[in-house]
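Printed here is final-v8.cif (mmCIF, C-alpha atoms):
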data_start
#
loop_
_atom_site.label_atom_id
_atom_site.label_comp_id
_atom_site.auth_asym_id
_atom_site.auth_seq_id
_atom_site.Cartn_x
_atom_site.Cartn_y
_atom_site.Cartn_z
CA MET A 244 -24.73 -48.12 20.12
CA SER A 245 -28.34 -48.66 21.04
CA GLU A 246 -30.49 -49.35 24.04
CA ASN A 247 -29.80 -53.06 23.45
CA ASN A 248 -26.04 -52.51 23.12
CA PRO A 249 -25.00 -49.71 25.52
CA ILE A 250 -21.40 -48.55 25.86
CA ARG A 251 -19.88 -49.93 29.06
CA VAL A 252 -18.21 -47.12 31.02
CA PHE A 253 -15.93 -47.29 34.06
CA VAL A 254 -15.42 -44.11 36.09
CA THR A 255 -12.53 -44.04 38.55
CA HIS A 256 -13.56 -44.39 42.18
CA ASN A 257 -11.98 -45.19 45.53
CA PHE A 258 -14.99 -47.24 46.65
CA HIS A 259 -16.85 -44.02 47.45
CA GLU A 260 -19.17 -41.98 45.24
CA THR A 261 -17.28 -38.67 45.11
CA ASP A 262 -18.79 -35.46 43.74
CA ASP A 263 -16.98 -35.82 40.40
CA TYR A 264 -17.95 -39.49 40.12
CA LEU A 265 -21.63 -38.64 40.54
CA ARG A 266 -21.32 -35.59 38.28
CA VAL A 267 -20.14 -37.75 35.34
CA PHE A 268 -23.40 -39.67 35.45
CA GLU A 269 -25.46 -36.50 35.78
CA PHE A 270 -23.83 -35.30 32.56
CA LEU A 271 -24.39 -38.63 30.79
CA GLU A 272 -28.03 -38.79 31.86
CA SER A 273 -28.67 -35.34 30.38
CA VAL A 274 -27.86 -36.56 26.84
CA GLU A 275 -30.77 -37.90 24.82
CA ARG A 276 -30.36 -41.22 23.00
CA PHE A 277 -26.99 -41.99 24.58
CA PHE A 278 -27.09 -45.45 26.08
CA TYR A 279 -24.43 -46.56 28.52
CA LEU A 280 -23.94 -49.07 31.30
CA ASN A 281 -22.04 -48.03 34.42
CA VAL A 282 -19.72 -50.95 35.21
CA SER A 283 -17.93 -49.15 38.06
CA LYS A 284 -19.21 -50.42 41.39
CA PRO A 285 -17.96 -48.31 44.32
CA GLU A 286 -20.26 -50.24 46.64
CA ASN A 287 -18.27 -53.46 46.03
CA LEU A 288 -15.51 -52.77 48.55
CA PRO A 289 -13.95 -56.12 49.50
CA GLU A 290 -14.30 -56.78 53.23
CA GLN A 291 -11.22 -59.00 53.40
CA GLY A 292 -7.97 -59.42 51.53
CA GLY A 293 -6.57 -55.91 51.81
CA VAL A 294 -4.94 -54.15 48.87
CA ASP A 295 -4.79 -57.28 46.71
CA ALA A 296 -8.54 -57.82 47.03
CA ILE A 297 -9.18 -54.16 46.17
CA LYS A 298 -6.99 -54.43 43.07
CA ASP A 299 -8.69 -57.67 42.01
CA GLU A 300 -12.13 -56.08 42.36
CA LEU A 301 -11.10 -53.02 40.35
CA CYS A 302 -9.52 -55.22 37.71
CA GLN A 303 -12.75 -57.19 37.29
CA GLN A 304 -14.80 -53.99 36.99
CA ILE A 305 -12.45 -52.37 34.47
CA LYS A 306 -12.16 -55.48 32.29
CA THR A 307 -15.91 -55.34 31.61
CA SER A 308 -15.72 -51.73 30.34
CA GLU A 309 -15.06 -50.21 26.93
CA ALA A 310 -13.72 -46.86 28.16
CA LEU A 311 -12.25 -45.53 31.40
CA VAL A 312 -13.03 -42.01 32.64
CA VAL A 313 -10.55 -40.51 35.13
CA VAL A 314 -11.99 -37.89 37.47
CA ALA A 315 -9.64 -35.49 39.21
CA ASP A 316 -11.00 -35.71 42.75
CA VAL A 317 -10.23 -39.43 42.99
CA TYR A 318 -6.72 -38.91 41.59
CA GLU A 319 -6.06 -36.15 44.12
CA ARG A 320 -7.03 -38.46 47.00
CA GLN A 321 -5.42 -41.70 45.79
CA PRO A 322 -3.07 -41.26 42.82
CA GLU A 323 -1.54 -44.74 43.23
CA LEU A 324 -4.96 -46.36 42.95
CA VAL A 325 -5.89 -44.35 39.85
CA ASN A 326 -2.52 -45.17 38.27
CA TYR A 327 -3.31 -48.83 38.85
CA MET A 328 -6.72 -48.38 37.17
CA MET A 329 -5.04 -46.73 34.17
CA ASP A 330 -2.51 -49.61 34.04
CA VAL A 331 -5.39 -52.11 33.90
CA ALA A 332 -7.11 -50.07 31.19
CA LYS A 333 -3.94 -49.94 29.11
CA ALA A 334 -3.33 -53.68 29.56
CA ASN A 335 -6.87 -54.30 28.26
CA ASN A 336 -6.54 -51.82 25.35
CA LEU A 337 -9.19 -49.48 26.74
CA GLY A 338 -9.31 -45.80 25.91
CA ILE A 339 -8.65 -43.43 28.81
CA ILE A 340 -10.49 -40.12 29.07
CA ALA A 341 -9.24 -37.56 31.59
CA MET A 342 -11.73 -35.03 32.92
CA LYS A 343 -10.30 -31.63 33.83
CA PRO A 344 -10.90 -30.66 37.47
CA PHE A 345 -14.45 -29.36 37.85
CA GLY A 346 -14.75 -25.60 38.04
CA GLY A 347 -11.44 -24.89 36.33
CA VAL A 348 -9.70 -23.94 39.59
CA ALA A 349 -6.88 -26.48 39.22
CA GLU A 350 -4.90 -28.28 36.56
CA THR A 351 -5.13 -31.96 35.72
CA ALA A 352 -2.13 -33.91 36.99
CA ALA A 353 0.50 -34.12 34.24
CA GLU A 354 0.79 -37.91 34.59
CA VAL A 355 -2.94 -38.34 33.94
CA VAL A 356 -2.86 -36.06 30.88
CA GLU A 357 0.15 -37.93 29.51
CA ARG A 358 -1.52 -41.32 29.84
CA ALA A 359 -4.99 -40.35 28.59
CA GLN A 360 -6.02 -40.49 24.96
CA GLU A 361 -8.33 -37.52 25.54
CA HIS A 362 -8.31 -34.67 28.05
CA ILE A 363 -11.67 -32.93 28.12
CA GLU A 364 -13.69 -30.20 29.79
CA TRP A 365 -16.83 -30.81 31.84
CA ASN A 366 -19.28 -30.71 28.97
CA ASP A 367 -21.90 -33.39 28.28
CA ARG A 368 -21.30 -33.32 24.54
CA GLU A 369 -17.50 -33.59 24.85
CA LEU A 370 -17.86 -36.41 27.37
CA VAL A 371 -20.26 -38.45 25.23
CA ASP A 372 -18.20 -37.89 22.07
CA ALA A 373 -14.99 -38.95 23.86
CA ILE A 374 -16.68 -42.09 25.23
CA LYS A 375 -17.94 -42.99 21.75
CA ARG A 376 -14.51 -42.46 20.21
CA GLN A 377 -12.57 -44.32 22.91
CA GLY A 378 -15.14 -47.03 23.60
CA ARG A 379 -16.34 -47.88 20.10
CA GLY A 380 -14.05 -45.99 17.73
CA GLU A 381 -17.03 -44.01 16.44
CA ASP A 382 -16.28 -40.76 14.66
CA THR A 383 -18.55 -38.14 16.15
CA ALA A 384 -17.93 -35.28 13.74
CA ARG A 385 -20.80 -32.99 14.68
CA TRP A 386 -21.22 -29.41 13.60
CA GLU A 387 -21.86 -26.58 15.97
CA VAL A 388 -24.67 -24.27 14.90
CA ILE A 389 -24.00 -20.67 15.73
CA ASP A 390 -26.72 -18.06 15.49
CA PHE A 391 -25.67 -14.57 14.48
CA PRO A 392 -28.33 -11.98 15.32
CA GLY A 393 -29.25 -9.91 12.26
CA TRP A 394 -28.24 -12.63 9.83
CA ASP A 395 -29.94 -15.71 8.36
CA ALA A 396 -28.98 -18.36 5.81
CA ASP A 397 -29.41 -15.85 2.97
CA GLY A 398 -27.24 -13.14 4.50
CA GLU A 399 -27.90 -9.94 6.41
CA ILE A 400 -31.51 -9.26 7.42
CA LYS A 401 -32.44 -5.77 6.30
CA ASP A 402 -35.23 -3.84 7.99
CA GLU A 403 -37.50 -2.40 5.35
#
With the file now loaded, output its structure as structure tokens.
Amino acid sequence: MSENNPIRVFVTHNFHETDDYLRVFEFLESVERFFYLNVSKPENLPEQGGVDAIKDELCQQIKTSEALVVVADVYERQPELVNYMMDVAKANNLGIIAMKPFGGVAETAAEVVERAQEHIEWNDRELVDAIKRQGRGEDTARWEVIDFPGWDADGEIKDE
């Protein structure tokens, strides 16, 4: 993944930019050297054709992606539409990442958790790692560095 070859990401939407939809991109933008292309286009609401036109538009958007991110607020409003998006992702062998509801005040719908390959917290590092794993199959084994006051790499710091 590079600036010349960004990961193509689709985030569930109901042709509106919901809070969670926008929040995903805020999180992605905060990560240095992570290059992605947002292929979800909520502004492309078909003016004619009804439900079939909406499904066709979503299908075209999803087919261009490498990973699908499901946000809870869209599922709460239109579960049938999000289920359709997950069906399209599965039919195109795309990884599905379910974001837990923001703020931890609710649970993710069981059906979404069951269908997703990953179910993650709102954390920029978790989100980027899940997108890399699901979109490109990249192993992102990173180590957490924990600082223990009073200790360094050689052991306990003694005051002399």
Within 8 Å of (-11.6, -33.2, 42.2), all atoms listed in the file: residues as a list of chain:residue names?
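Residues satisfying the cut-off, written out: A:Asp262, A:Asp263, A:Val314, A:Ala315, A:Asp316, A:Val317, A:Tyr318, A:Glu319, A:Pro344, A:Phe345.
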So what does the PyMOL selection byres ((chain A and resi 364) around 12) actually pick up in this one, as a tab-separated table (two decimals) with C-alpha atoms, keeping the file's coordinate frame?
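What ended up in result.tsv:
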chain	number	residue	atom	x	y	z
A	267	VAL	CA	-20.14	-37.75	35.34
A	270	PHE	CA	-23.83	-35.30	32.56
A	314	VAL	CA	-11.99	-37.89	37.47
A	315	ALA	CA	-9.64	-35.49	39.21
A	340	ILE	CA	-10.49	-40.12	29.07
A	341	ALA	CA	-9.24	-37.56	31.59
A	342	MET	CA	-11.73	-35.03	32.92
A	343	LYS	CA	-10.30	-31.63	33.83
A	344	PRO	CA	-10.90	-30.66	37.47
A	345	PHE	CA	-14.45	-29.36	37.85
A	346	GLY	CA	-14.75	-25.60	38.04
A	347	GLY	CA	-11.44	-24.89	36.33
A	350	GLU	CA	-4.90	-28.28	36.56
A	351	THR	CA	-5.13	-31.96	35.72
A	361	GLU	CA	-8.33	-37.52	25.54
A	362	HIS	CA	-8.31	-34.67	28.05
A	363	ILE	CA	-11.67	-32.93	28.12
A	365	TRP	CA	-16.83	-30.81	31.84
A	366	ASN	CA	-19.28	-30.71	28.97
A	367	ASP	CA	-21.90	-33.39	28.28
A	368	ARG	CA	-21.30	-33.32	24.54
A	369	GLU	CA	-17.50	-33.59	24.85
A	370	LEU	CA	-17.86	-36.41	27.37
A	371	VAL	CA	-20.26	-38.45	25.23
A	372	ASP	CA	-18.20	-37.89	22.07
A	373	ALA	CA	-14.99	-38.95	23.86
Need the shell around region 253-257 of chain A: protein/DNA/RNA residues with any atom at most 10 Å away, counting all atoms listed in the file. Skip same-chain ones fewer than 6 positions apart. Format as a PyMOL selection string?
chain A and resi 263-265+267-268+280-286+288+297+301+304-318+320-321+324-325+328-329+332+339-340
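Separating CA of Glu275 (chain A) from CA of Asp382 (chain A) is a distance of 17.9 Å.
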CA of Gln377 (chain A) and CA of Gln360 (chain A) are how many Å apart?
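Spanning CA of Gln377 (chain A) to CA of Gln360 (chain A) is a straight-line distance of 7.9 Å.
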Could you check how far CA of Arg376 (chain A) sits from CA of Val331 (chain A), in Å to one decimal?
19.1 Å
Pick from A:Cys302, A:Glu290, A:Ser273, A:Ala353, whichever lies nearest to Lys333 (chain A) using all atoms listed in the file
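With all atoms listed in the file as the atom set, the closest residue is A:Cys302.
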Could you list, as a list in words, every residue matched by the PyMOL selection byres ((chain A and resi 248) around 12) in this structure?
Met244, Ser245, Glu246, Asn247, Pro249, Ile250, Arg251, Phe277, Phe278, Tyr279, Leu280, Glu309 and Arg379 of chain A
Find, counting only C-alpha atoms, the residue in A:Asn326, A:Thr261, A:Asn287, A:Gln303 that gets nearest to Glu357 (chain A).
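Among A:Asn326, A:Thr261, A:Asn287, A:Gln303, it is A:Asn326 that comes nearest to Glu357 (chain A).
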Using only C-alpha atoms, can you tell me which of A:Ala396, A:Pro322, A:Ile374, A:Gln291 comes closest to Leu271 (chain A)?
A:Ile374
